[in-house]
Each structure stands twice: as C-alpha cells, then as structure tokens.
>>> print(open('entry_17.txt').read())   # compact mmCIF, C-alpha atoms
# COMPACT_ATOMS: atom_id res chain seq x y z
CA MET R 1 -40.17 -27.16 73.42
CA SER R 2 -38.40 -25.67 76.45
CA HIS R 3 -34.72 -24.77 76.40
CA VAL R 4 -34.02 -27.33 79.15
CA SER R 5 -35.57 -30.24 77.26
CA PHE R 6 -33.87 -29.13 74.06
CA ALA R 7 -30.46 -28.99 75.77
CA SER R 8 -31.11 -32.33 77.45
CA ARG R 9 -31.76 -33.99 74.12
CA ARG R 10 -28.53 -32.58 72.75
CA ARG R 11 -26.67 -33.81 75.82
CA LEU R 12 -28.13 -37.32 75.49
CA ALA R 13 -27.19 -37.33 71.82
CA ALA R 14 -23.61 -36.35 72.69
CA ILE R 15 -23.38 -39.15 75.28
CA GLY R 16 -24.87 -41.60 72.79
CA ALA R 17 -22.45 -40.55 70.04
CA LEU R 18 -19.44 -41.01 72.31
CA ALA R 19 -20.72 -44.36 73.60
CA ALA R 20 -21.49 -45.68 70.10
CA ALA R 21 -18.09 -44.58 68.80
CA GLY R 22 -16.35 -46.21 71.77
CA ILE R 23 -18.23 -49.48 71.30
CA GLY R 24 -17.45 -49.42 67.60
CA VAL R 25 -13.72 -48.87 68.11
CA LEU R 26 -13.53 -51.65 70.73
CA ALA R 27 -15.41 -54.05 68.47
CA LEU R 28 -13.14 -53.27 65.52
CA VAL R 29 -10.02 -53.66 67.65
CA ARG R 30 -11.26 -57.04 68.85
CA GLY R 31 -12.00 -58.13 65.31
CA PHE R 32 -8.61 -56.95 64.08
CA ALA R 33 -6.85 -58.69 66.97
CA GLU R 34 -8.49 -61.98 66.01
CA SER R 35 -6.80 -62.07 62.59
CA PRO R 36 -4.07 -59.43 62.35
CA LEU R 37 -2.50 -61.18 59.35
CA ALA R 38 -5.78 -61.00 57.42
CA ILE R 39 -6.10 -57.31 58.20
CA LEU R 40 -2.54 -56.70 57.03
CA ILE R 41 -3.21 -58.62 53.81
CA THR R 42 -6.38 -56.55 53.27
CA ILE R 43 -4.57 -53.24 53.67
CA LEU R 44 -1.63 -54.27 51.47
CA ALA R 45 -3.95 -55.64 48.79
CA LEU R 46 -5.94 -52.40 48.74
CA LEU R 47 -2.82 -50.26 48.48
CA MET R 48 -1.40 -52.45 45.72
CA ALA R 49 -4.74 -52.33 43.89
CA ILE R 50 -4.59 -48.53 43.93
CA GLY R 51 -1.03 -48.65 42.62
CA PHE R 52 -1.88 -51.03 39.78
CA GLY R 53 -5.00 -49.00 39.05
CA TRP R 54 -2.81 -45.92 38.57
CA VAL R 55 -0.51 -47.89 36.29
CA ALA R 56 -3.56 -48.99 34.27
CA LEU R 57 -4.62 -45.38 33.85
CA THR R 58 -1.18 -44.16 32.81
CA ARG R 59 -0.16 -46.91 30.38
CA ARG R 60 -1.34 -47.95 26.96
CA GLY R 61 -1.95 -51.24 25.21
CA PRO R 62 -1.11 -54.57 26.91
CA ASP R 63 0.43 -52.86 29.97
CA ARG R 64 -2.88 -51.14 30.70
CA GLU R 65 -4.81 -54.39 30.38
CA ARG R 66 -2.43 -56.37 32.61
CA ALA R 67 -2.38 -53.68 35.28
CA GLY R 68 -6.18 -53.45 35.18
CA TRP R 69 -6.55 -57.18 35.75
CA ALA R 70 -3.99 -57.07 38.56
CA SER R 71 -5.91 -54.27 40.26
CA ALA R 72 -9.20 -56.18 40.01
CA ILE R 73 -7.63 -59.36 41.41
CA LEU R 74 -6.06 -57.50 44.33
CA LEU R 75 -9.39 -55.88 45.17
CA ALA R 76 -10.96 -59.36 45.23
CA VAL R 77 -8.17 -60.59 47.51
CA ALA R 78 -8.77 -57.66 49.86
CA LEU R 79 -12.50 -58.41 49.98
CA ILE R 80 -11.97 -62.12 50.66
CA ALA R 81 -9.40 -61.42 53.36
CA ALA R 82 -11.63 -58.85 55.06
CA VAL R 83 -14.83 -60.91 54.99
CA GLY R 84 -13.71 -64.51 55.17
CA ALA R 85 -10.91 -64.44 57.73
CA HIS R 86 -13.04 -63.86 60.83
CA SER R 87 -14.81 -66.64 62.63
CA GLU R 88 -16.61 -63.91 64.58
CA GLY R 89 -17.49 -61.73 61.68
CA TRP R 90 -20.36 -60.20 63.63
CA THR R 91 -17.78 -58.31 65.72
CA ILE R 92 -16.60 -56.33 62.70
CA VAL R 93 -20.21 -55.76 61.61
CA LEU R 94 -21.17 -54.54 65.08
CA GLY R 95 -18.21 -52.17 65.15
CA GLY R 96 -19.07 -50.70 61.78
CA LEU R 97 -22.75 -50.27 62.67
CA ALA R 98 -21.92 -48.63 66.01
CA ILE R 99 -19.59 -46.12 64.36
CA LEU R 100 -22.22 -45.38 61.70
CA ALA R 101 -24.81 -44.81 64.43
CA SER R 102 -22.50 -42.34 66.17
CA LEU R 103 -22.43 -40.03 63.14
CA PRO R 104 -26.06 -38.79 63.10
CA LEU R 105 -26.04 -38.64 66.91
CA GLY R 106 -22.90 -36.52 66.79
CA ARG R 107 -24.34 -34.21 64.13
CA TYR R 108 -27.45 -33.66 66.23
CA ALA R 109 -25.45 -33.08 69.41
CA LEU R 110 -23.22 -30.53 67.68
CA GLY R 111 -26.16 -28.81 66.02
CA ARG R 112 -25.11 -29.89 62.53
CA ASP R 113 -28.22 -31.85 61.64
CA ARG R 114 -30.42 -30.50 58.84
CA ARG R 115 -33.03 -28.98 61.14
CA SER R 116 -30.45 -27.09 63.19
CA LEU R 117 -28.68 -25.79 60.12
CA ALA R 118 -31.97 -24.61 58.64
CA GLU R 119 -32.60 -22.60 61.81
CA LEU R 120 -29.33 -20.68 61.49
CA THR R 121 -29.55 -17.06 60.39
CA PRO R 122 -27.79 -16.88 57.01
CA PRO R 123 -24.98 -14.35 56.58
CA GLY R 124 -25.71 -10.99 55.02
CA GLU R 125 -28.24 -8.20 55.43
CA VAL R 126 -31.87 -8.27 54.41
CA VAL R 127 -32.48 -6.11 51.34
CA PRO R 128 -35.72 -5.19 49.54
CA ALA R 129 -36.88 -6.72 46.29
CA ALA R 130 -35.08 -5.75 43.10
CA HIS R 131 -36.57 -2.81 41.21
CA LYS R 132 -35.56 -3.97 37.73
CA PRO R 133 -34.29 -7.56 37.83
CA VAL R 134 -32.87 -9.26 34.74
CA LEU R 135 -32.19 -12.99 34.42
CA LEU R 136 -29.83 -14.33 31.75
CA VAL R 137 -30.79 -17.92 30.90
CA ASN R 138 -28.91 -20.61 29.00
CA PRO R 139 -31.71 -23.06 28.09
CA LEU R 140 -29.21 -25.79 27.14
CA SER R 141 -27.00 -25.67 30.24
CA GLY R 142 -27.00 -28.66 32.57
CA GLY R 143 -28.70 -30.85 29.98
CA GLY R 144 -31.54 -28.38 29.53
CA THR R 145 -32.33 -27.79 33.22
CA ALA R 146 -33.87 -24.36 32.63
CA GLN R 147 -36.21 -25.71 29.97
CA ARG R 148 -37.16 -28.73 32.05
CA VAL R 149 -38.37 -26.64 34.99
CA ASP R 150 -39.85 -23.80 32.89
CA LEU R 151 -37.44 -21.40 34.56
CA ALA R 152 -37.91 -18.47 32.18
CA GLU R 153 -41.71 -18.69 32.37
CA ARG R 154 -41.68 -18.81 36.17
CA ALA R 155 -39.25 -15.89 36.37
CA THR R 156 -41.30 -13.80 33.94
CA ALA R 157 -44.40 -14.43 36.04
CA MET R 158 -42.49 -12.92 39.00
CA GLY R 159 -41.76 -9.76 37.02
CA VAL R 160 -38.17 -10.69 36.09
CA GLN R 161 -37.03 -9.86 32.56
CA CYS R 162 -35.44 -12.93 30.94
CA LEU R 163 -32.82 -12.91 28.19
CA GLU R 164 -31.58 -16.13 26.60
CA PHE R 165 -27.94 -16.74 25.76
CA GLY R 166 -25.98 -19.57 24.25
CA PRO R 167 -23.92 -20.27 21.14
CA GLY R 168 -23.79 -17.14 19.02
CA ARG R 169 -25.00 -14.81 21.78
CA ASP R 170 -22.38 -12.68 23.58
CA LEU R 171 -23.19 -13.15 27.27
CA ARG R 172 -21.01 -10.27 28.45
CA ALA R 173 -22.60 -7.89 25.95
CA LEU R 174 -26.09 -8.98 27.07
CA ALA R 175 -25.21 -8.38 30.71
CA GLU R 176 -23.62 -5.00 29.99
CA GLN R 177 -26.66 -3.91 27.99
CA ALA R 178 -28.98 -5.01 30.79
CA VAL R 179 -27.11 -2.78 33.25
CA THR R 180 -27.13 0.10 30.76
CA ASP R 181 -30.90 -0.31 30.49
CA GLY R 182 -31.25 0.07 34.25
CA ALA R 183 -31.01 -3.42 35.75
CA ASP R 184 -30.20 -3.23 39.47
CA VAL R 185 -29.92 -7.01 39.94
CA LEU R 186 -28.43 -9.45 37.43
CA GLY R 187 -29.22 -13.15 37.60
CA VAL R 188 -27.70 -15.97 35.60
CA ALA R 189 -28.95 -19.50 35.05
CA GLY R 190 -26.09 -21.45 33.54
CA GLY R 191 -22.81 -23.14 34.28
CA ASP R 192 -20.07 -21.77 36.51
CA GLY R 193 -18.22 -20.31 33.53
CA SER R 194 -21.28 -18.23 32.69
CA GLN R 195 -21.65 -17.25 36.36
CA ALA R 196 -18.12 -15.81 36.27
CA VAL R 197 -18.82 -13.66 33.21
CA VAL R 198 -21.98 -12.13 34.66
CA ALA R 199 -20.34 -11.80 38.09
CA ASP R 200 -17.58 -9.76 36.47
CA VAL R 201 -20.13 -7.38 34.92
CA ALA R 202 -22.08 -7.15 38.18
CA SER R 203 -18.89 -6.45 40.15
CA SER R 204 -17.66 -3.75 37.78
CA HIS R 205 -21.01 -1.90 37.99
CA ASP R 206 -21.62 -2.70 41.69
CA VAL R 207 -24.97 -4.36 41.07
CA ALA R 208 -26.03 -7.50 42.90
CA LEU R 209 -25.83 -11.01 41.43
CA VAL R 210 -28.40 -13.82 41.75
CA VAL R 211 -27.03 -17.32 41.14
CA ILE R 212 -29.50 -19.87 39.72
CA PRO R 213 -28.08 -23.43 39.80
CA ALA R 214 -28.98 -24.54 36.28
CA GLY R 215 -25.57 -25.85 35.18
CA THR R 216 -23.92 -29.24 35.50
CA ARG R 217 -22.02 -28.95 38.79
CA ASN R 218 -23.04 -25.58 40.20
CA HIS R 219 -20.05 -25.29 42.53
CA LEU R 220 -20.61 -21.61 43.26
CA ALA R 221 -24.24 -22.28 44.19
CA MET R 222 -23.13 -25.02 46.57
CA ASP R 223 -20.63 -22.78 48.35
CA LEU R 224 -23.23 -20.02 48.62
CA GLY R 225 -25.46 -22.47 50.47
CA LEU R 226 -28.12 -22.74 47.76
CA ASN R 227 -30.15 -25.84 46.99
CA ARG R 228 -28.54 -27.12 43.80
CA ASN R 229 -31.45 -29.50 43.18
CA ASP R 230 -34.05 -26.72 43.06
CA PRO R 231 -33.25 -23.98 40.51
CA LEU R 232 -36.69 -22.44 40.97
CA ALA R 233 -35.98 -21.76 44.65
CA GLY R 234 -33.14 -19.47 43.58
CA LEU R 235 -35.64 -17.11 41.92
CA GLN R 236 -36.76 -15.98 45.38
CA ALA R 237 -33.52 -13.98 45.62
CA PHE R 238 -35.04 -11.42 43.23
CA GLY R 239 -37.57 -10.60 45.92
CA GLN R 240 -36.71 -9.65 49.48
CA ALA R 241 -33.43 -11.45 50.10
CA ARG R 242 -30.16 -11.48 52.00
CA GLU R 243 -27.18 -9.77 50.42
CA ARG R 244 -23.52 -10.37 51.23
CA ARG R 245 -20.17 -9.60 49.67
CA ILE R 246 -17.80 -12.30 48.44
CA ASP R 247 -14.43 -12.33 46.70
CA MET R 248 -13.70 -12.61 43.01
CA ALA R 249 -10.47 -13.86 41.48
CA ARG R 250 -8.70 -13.24 38.18
CA VAL R 251 -6.03 -14.78 36.03
CA ASN R 252 -4.47 -12.41 33.52
CA GLY R 253 -7.53 -10.22 34.03
CA LEU R 254 -10.02 -13.02 33.28
CA PRO R 255 -12.56 -13.55 36.09
CA PHE R 256 -13.25 -16.84 37.82
CA VAL R 257 -15.56 -17.65 40.71
CA ASN R 258 -14.35 -21.19 41.49
CA ASN R 259 -10.95 -22.28 40.21
CA VAL R 260 -8.41 -22.49 37.44
CA SER R 261 -6.85 -25.89 36.80
CA MET R 262 -3.58 -26.36 34.92
CA GLY R 263 -1.63 -29.49 34.17
CA LEU R 264 -3.56 -32.71 33.61
CA TYR R 265 -7.10 -31.33 33.69
CA GLY R 266 -6.13 -28.15 31.91
CA ASN R 267 -4.88 -30.19 28.96
CA VAL R 268 -7.67 -32.81 28.97
CA VAL R 269 -10.43 -30.18 28.87
CA GLN R 270 -8.92 -28.75 25.66
CA GLN R 271 -9.76 -31.89 23.70
CA ALA R 272 -12.67 -31.60 21.28
CA THR R 273 -14.15 -34.88 22.55
CA TYR R 274 -14.11 -33.89 26.24
CA ARG R 275 -17.67 -32.53 26.48
CA GLU R 276 -19.26 -35.65 25.02
CA ARG R 277 -16.81 -38.29 26.30
CA LYS R 278 -15.24 -37.01 29.51
CA LEU R 279 -14.04 -40.32 30.98
CA GLU R 280 -12.81 -41.80 27.72
CA THR R 281 -10.99 -38.61 26.77
CA ALA R 282 -9.28 -38.40 30.17
CA MET R 283 -8.14 -42.04 29.96
CA ASP R 284 -6.83 -41.51 26.43
CA GLU R 285 -4.81 -38.41 27.36
CA LEU R 286 -3.61 -39.38 30.83
CA PRO R 287 -0.67 -41.65 29.87
CA THR R 288 0.96 -38.96 27.74
CA LEU R 289 0.32 -36.17 30.24
CA VAL R 290 1.77 -38.12 33.17
CA ALA R 291 4.87 -39.11 31.23
CA TYR R 292 5.30 -35.67 29.65
CA PRO R 293 3.62 -33.09 31.89
CA PRO R 294 3.37 -29.50 30.69
CA ALA R 295 6.29 -27.36 31.85
CA LEU R 296 4.82 -25.11 34.55
CA HIS R 297 7.17 -22.98 36.63
CA PHE R 298 6.11 -21.45 39.94
CA ALA R 299 7.27 -20.80 43.47
CA GLY R 300 6.06 -23.33 46.04
CA ALA R 301 4.74 -22.66 49.52
CA ASP R 302 8.31 -22.24 50.81
CA GLY R 303 9.32 -19.94 47.94
CA THR R 304 11.38 -22.62 46.20
CA GLY R 305 11.06 -22.77 42.41
CA ARG R 306 9.07 -25.75 41.12
CA SER R 307 8.40 -27.14 37.66
CA THR R 308 7.38 -30.80 37.99
CA ALA R 309 3.77 -30.77 39.26
CA GLN R 310 1.19 -32.56 37.13
CA VAL R 311 -1.63 -30.73 38.92
CA VAL R 312 -1.76 -27.00 39.69
CA LEU R 313 -5.08 -25.71 40.99
CA VAL R 314 -5.71 -22.09 41.97
CA SER R 315 -9.07 -21.32 43.58
CA ASN R 316 -11.07 -18.29 44.63
CA ASN R 317 -10.70 -18.99 48.39
CA PRO R 318 -9.19 -22.31 49.52
CA TYR R 319 -11.00 -25.64 49.33
CA LEU R 320 -11.41 -27.86 52.36
CA LEU R 321 -8.95 -30.70 51.74
CA ASP R 322 -10.79 -33.28 53.81
CA VAL R 323 -12.50 -36.49 52.73
CA ARG R 324 -15.63 -35.30 54.59
CA GLY R 325 -15.81 -31.98 52.72
CA ALA R 326 -13.83 -32.36 49.52
CA GLY R 327 -14.99 -30.03 46.77
CA GLY R 328 -16.24 -27.28 49.04
CA ARG R 329 -14.93 -23.95 50.31
CA PRO R 330 -15.77 -23.06 53.91
CA ARG R 331 -15.55 -19.36 53.07
CA LEU R 332 -15.88 -17.11 50.04
CA ASN R 333 -14.63 -13.95 51.75
CA SER R 334 -11.19 -14.82 53.12
CA GLY R 335 -9.40 -12.57 50.61
CA GLN R 336 -7.02 -15.44 49.78
CA LEU R 337 -6.36 -17.67 46.80
CA GLY R 338 -6.19 -21.38 47.50
CA ILE R 339 -3.22 -23.05 45.77
CA VAL R 340 -2.85 -26.83 45.42
CA THR R 341 -0.09 -28.66 43.56
CA ALA R 342 0.55 -32.38 43.20
CA GLU R 343 3.21 -34.54 41.59
CA LEU R 344 1.77 -37.76 40.14
CA SER R 345 4.93 -39.21 38.69
CA SER R 346 4.83 -42.70 40.26
CA ALA R 347 2.30 -45.34 41.28
CA ALA R 348 3.81 -45.45 44.78
CA GLY R 349 3.37 -41.71 45.24
CA VAL R 350 -0.23 -41.75 44.06
CA THR R 351 -0.97 -44.75 46.30
CA GLU R 352 0.40 -42.87 49.30
CA MET R 353 -1.71 -39.82 48.45
CA PHE R 354 -4.87 -41.96 48.36
CA ALA R 355 -3.94 -43.65 51.63
CA ARG R 356 -3.24 -40.33 53.37
CA ALA R 357 -6.41 -38.77 51.94
CA SER R 358 -8.50 -41.60 53.41
CA LEU R 359 -7.04 -40.77 56.83
CA GLY R 360 -7.44 -37.01 56.45
CA LEU R 361 -3.65 -36.54 56.21
CA LEU R 362 -3.37 -35.43 52.60
CA ASN R 363 -1.37 -32.30 53.42
CA GLY R 364 1.54 -34.43 54.61
CA ALA R 365 1.82 -36.52 51.43
CA PRO R 366 5.12 -36.25 49.51
CA GLY R 367 4.63 -34.35 46.27
CA PHE R 368 1.48 -32.63 47.55
CA SER R 369 1.31 -29.00 48.68
CA ALA R 370 -1.50 -26.66 49.63
CA TRP R 371 -1.24 -23.05 50.78
CA THR R 372 -2.90 -19.66 50.48
CA SER R 373 -1.75 -16.34 49.08
CA ASP R 374 -3.20 -13.11 47.73
CA SER R 375 -1.30 -13.56 44.46
CA PHE R 376 0.37 -16.34 42.46
CA VAL R 377 2.29 -16.62 39.18
CA VAL R 378 2.69 -19.63 36.90
CA ASP R 379 5.18 -19.30 34.06
CA SER R 380 5.88 -21.46 31.04
CA ASP R 381 7.80 -21.44 27.78
CA MET R 382 4.54 -21.73 25.85
CA PRO R 383 0.85 -20.86 26.26
CA ILE R 384 -0.70 -22.60 29.28
CA SER R 385 -3.67 -24.89 28.75
CA ALA R 386 -6.19 -24.38 31.54
CA GLY R 387 -9.72 -25.03 32.66
CA ILE R 388 -11.29 -21.83 34.03
CA ASP R 389 -14.40 -22.71 36.02
CA GLY R 390 -14.58 -25.86 33.90
CA GLU R 391 -14.26 -24.07 30.56
CA ALA R 392 -11.27 -24.66 28.27
CA ALA R 393 -8.93 -21.69 27.93
CA GLU R 394 -5.38 -20.91 26.82
CA LEU R 395 -3.43 -18.49 29.00
CA GLN R 396 -0.47 -16.49 27.84
CA ALA R 397 2.52 -16.99 30.14
CA PRO R 398 3.08 -15.86 32.75
CA ALA R 399 -0.36 -16.53 34.24
CA LYS R 400 -0.83 -13.98 37.03
CA PHE R 401 -3.48 -14.73 39.65
CA THR R 402 -5.01 -12.07 41.90
CA ILE R 403 -8.00 -11.85 44.21
CA GLU R 404 -10.41 -8.97 44.78
CA PRO R 405 -11.74 -9.15 48.35
CA GLY R 406 -15.44 -8.41 48.75
CA SER R 407 -15.83 -7.07 45.24
CA LEU R 408 -19.03 -8.98 44.39
CA ARG R 409 -22.48 -8.49 45.89
CA VAL R 410 -24.61 -11.65 45.89
CA ARG R 411 -28.23 -12.16 46.91
CA ILE R 412 -29.56 -15.40 48.37
CA PRO R 413 -33.16 -16.37 49.22
CA LEU R 414 -34.24 -15.71 52.79
CA ASP R 415 -34.83 -19.42 53.44
CA ALA R 416 -31.52 -20.63 51.93
CA LEU R 417 -28.82 -21.97 54.25
CA GLY R 418 -26.38 -19.38 52.91
CA ARG R 419 -23.22 -21.29 53.82
CA SER R 420 -21.23 -24.02 52.13
CA PRO R 421 -21.56 -27.55 53.57
CA ALA R 422 -17.79 -27.39 54.02
CA ALA R 423 -18.26 -24.63 56.62
CA PHE R 424 -19.77 -27.17 59.01
CA VAL R 425 -17.08 -29.84 58.78
CA PRO R 426 -15.19 -29.70 62.11
CA GLN R 427 -11.68 -30.90 62.72
CA LEU R 428 -11.86 -34.38 64.25
CA ARG R 429 -10.14 -33.40 67.49
CA GLN R 430 -12.33 -30.33 67.86
CA ALA R 431 -15.48 -32.38 67.24
CA VAL R 432 -14.56 -34.99 69.86
CA ALA R 433 -13.64 -32.31 72.39
CA GLU R 434 -16.92 -30.49 71.75
CA LEU R 435 -18.90 -33.73 72.16
CA PHE R 436 -17.26 -34.33 75.55
CA ARG R 437 -17.99 -30.75 76.56
CA ARG R 438 -21.63 -30.99 75.56
CA ALA R 439 -22.02 -34.42 77.17
CA PHE R 440 -20.54 -33.65 80.59
CA LEU R 441 -20.20 -29.87 81.07
CA PRO R 442 -22.79 -27.09 81.30
CA VAL R 443 -23.34 -25.61 77.85
CA ARG R 444 -24.82 -22.23 76.98
CA GLY R 445 -26.37 -22.33 73.54
CA TRP R 446 -26.48 -25.34 71.27
CA ARG R 447 -26.20 -23.77 67.90
CA PRO R 448 -23.57 -24.89 65.39
CA LEU R 449 -20.53 -22.72 64.88
CA PRO R 450 -19.63 -22.50 61.18
CA ARG R 451 -16.12 -21.40 60.32
CA ARG R 452 -17.42 -18.08 58.99
>>> encode(input="entry_17.txt", output="structure tokens")
Amino acid sequence: MSHVSFASRRRLAAIGALAAAGIGVLALVRGFAESPLAILITILALLMAIGFGWVALTRRGPDRERAGWASAILLAVALIAAVGAHSEGWTIVLGGLAILASLPLGRYALGRDRRSLAELTPPGEVVPAAHKPVLLVNPLSGGGTAQRVDLAERATAMGVQCLEFGPGRDLRALAEQAVTDGADVLGVAGGDGSQAVVADVASSHDVALVVIPAGTRNHLAMDLGLNRNDPLAGLQAFGQARERRIDMARVNGLPFVNNVSMGLYGNVVQQATYRERKLETAMDELPTLVAYPPALHFAGADGTGRSTAQVVLVSNNPYLLDVRGAGGRPRLNSGQLGIVTAELSSAAGVTEMFARASLGLLNGAPGFSAWTSDSFVVDSDMPISAGIDGEAAELQAPAKFTIEPGSLRVRIPLDALGRSPAAFVPQLRQAVAELFRRAFLPVRGWRPLPRR
C-alpha cells in the first residue's frame, strides 16, 4: 500500500470520526431538549443510587438492607426515566450509536488501532538469547495457569531450566542460588508479589528479568505491554529479545513492582478469608473500616499534615487516573512514585467522586488527591496493615517509600507491544485537536505517539 493511500485512509477516518461525534452530540442534545425534566430525574436518581449503594456497603443489619433496596429502586427509576420519557427515543439511540462509531474511526485515524500499535517498534535494545536462563514457576498461581498450559514443559524444551516454588519453598533463596549457579536471565511465572521478589534479586545482581503472566491479575505484565492471556508467548523473551530498564520501588526496604495499598484494602487483605471470599470479606469489613479508619499520618501534596484518608496508595510510577485507562501506568521509568489518597467518610463525598470520575474530573473531587514524588512517608501509632503487590503485609511505622530509577533490566519478546495500554490514552482535548489536524492539515507520518 502506498504512503499516499495510507495517509488518505487515515484522513478519511479522522473526518468520519469528527462527523460521527458531531452527529451524536447533536442527536443527544435534541433528545435531552425534548424532555429535560426526565434527564434531570435520571441524573439525580443515578447519583442518589450511588449514595444509597455506599450506605449499603458501609452499614450493617437492617440499615444495609434498606439502603440496598433504595439503591435498586432508584436505579430502576433512572432506567424508566431515561427510556420511557422520549416519544422520539430513536434520537437518543442514534446519538449513542454515532458516538460509538466515532471511537474506532478515531483510533484508526490517530494510529491507535491494534494493527498500528503492533507495527510500533517496542522500547529497548535488541539483545541476544540468554546463555543460562532459569525460570521460577509457581504451578498453583492464577488458579494453576502454569500447569494448564504446560509452561514448565514448554520452557524446558526451549533449554530453560525450571524450578518450582510455592508454599514451603523460599523463592528468594531459589533465585539467589540460581544466580550463584550462573544464571544470566531470571524468569518468574507467578503473581505480582512473586515478580517483586525475583525482580529484587535480579536488580541486586544486575541480571535481566523475564515476566511470565501466570498470576491472577498480572499488572506488571500489562504495563510492560505483554499479552496477559498468553503466558507461553512470554517464553520468547529468553531468546533474542528487547531489553529495557525500568524503576523499582521500596517500602522500608521491601521491594514492590506495582503498588502498596494502606487503609481499607490494606486491612481487608489481612483477613484470613480474603483469598477465598474476596467480595464477602470486603463487605464484612468495610463498615468498621469506614467508621474507624486506621490512623495514618502523612504530608499531602501541599505539605500539609493529613491523617483522615481511608485510602492511601503508593505506586511504582503513577497510574493514569482516567476512566479510559484506569489501572494502568503510562510509564515505568519516570523515576517517581505515584501517590493517591482518598477520604470516603460520607455518601455524598463518594457520590461526587463517582460522578467526577465518570467525567474524567476525578482529580478535582473533594477529599481526593494525587501527586508524584521521589519519596513518601506514612506514620502511625501502630504497625500499618498493607497490601504489597496484592500480598498482605504489616509495616513497622514509619513506612518510608523510595524509588530506584532504572534499577531493573527487563526483557520482552520481539513481537510484544512493549508499552502499557495506558500509554496510548490521549487527553480528550489533545485527541480532538489531533483529529482536526489529521483531517484538514497536511500530516507527516501517521504513527501513534505514546507518552513514553
């Protein structure tokens, strides 16, 4: 395909995306203008449903039941008001469909469709195959993912030495021994907590790490741009691969590759029933934790002392706080900790946070703060319950957080995307401006521009 025809298709897609979005907005405005009272009722009912839902989560006994019923009724009212109040309901449907159609067109025009992303050169330098690779495998992690795909057998067939770990096997000692025996690349197939342990050993000995997504959530694998649904594809990183450096973080000397959560989650994850009954355990503990949050003392973004937040999250590089990219980090080499705190003391405050989050305005919500720093300290009058990369831990106060820029070498397969999905989420204003530029102005190059 010639460059001209390729650029023309991108330009047509940009024009189509803008046209579809414009038609959608006009159709929605017309539909809203037809029954403004119904729209107002819908919005109020949804906000009240969120508020009552929060009350249901943070109360016990009859109060929880009454609030739950109220939330369900309000959701039904919102649905009836939204669907039944329009004599020209097709207008709303047309608006929604047009806006939905604009999304894939916009992604293609901006070069953020799957094919374009796959054509990007991943970050890092090409390195030769490992001389003595070792893979540490937890056969039970992720519900037995490694066993299900015969990971150890496939790795062994590639010439990779496999060592199993799990209950009763010291993972750090296994990794240290592997390096002592000459391993030049360490791989780990397990959860993010296990990834952090092996990453710490790899970093301290300056050997490269291979991440195999065989855990439950595999957040590190996602932000490295690996295919979390294909653990076997990760084995290719033991051969010729791309290598890059990323940051590692620590709390009181303990390593973490994703985040440390204190407050509500930090206390819930300590419960013995959490692993088997996550939702039920959280609902059982939430009322007490909201009413009597753990005493955590820290300096906020403005330097003012704080002690009332129910949520304190410290991450290895900041997360993208956007409904389109929640749960991802655009970069893993910024050299900065991401710090998020939230006060969840009232139903009204939580409702406002949800409403602002849906509009991409979470940072402006009262009681919510997010900032970056190269260090952070959380103090308390007692040991601090925390979840470190999803694993329960108890930290001695004060909990001191630091980050080690570029201290970890990681290898990714040559055909992996190599970047987090969050790296390709543009700011709304920037995306619209870029669509106009690509639709109506001469453009040199049509490749997507990730944040880093």
>>> atom_distance(input="entry_17.txt", atom1="CA of Gly106 (chain R)", atom2="CA of Ala14 (chain R)")
5.9 Å
>>> atom_distance(input="entry_17.txt", atom1="CA of Asn218 (chain R)", atom2="CA of Ala129 (chain R)")
24.2 Å
>>> atom_distance(input="entry_17.txt", atom1="CA of Arg10 (chain R)", atom2="CA of Leu105 (chain R)")
8.8 Å
>>> closest_residue(input="entry_17.txt", among="R:Leu264, R:Ile388, R:Ala214, R:Ile246", to="Leu344 (chain R)", atoms="all atoms listed in the file")
R:Leu264
>>> residues_around(input="entry_17.txt", residues="region 233-240 of chain R", least_positions_apart="5", cutoff="8 Å", atoms="all atoms listed in the file", output="VMD selection string")
chain R and resid 126 to 130 133 155 160 185 210 to 213 226 to 227 411 to 414
>>> closest_residue(input="entry_17.txt", among="R:Ala423, R:Asp381, R:Ala386, R:Arg306", to="Ser369 (chain R)", atoms="only C-alpha atoms")
R:Arg306
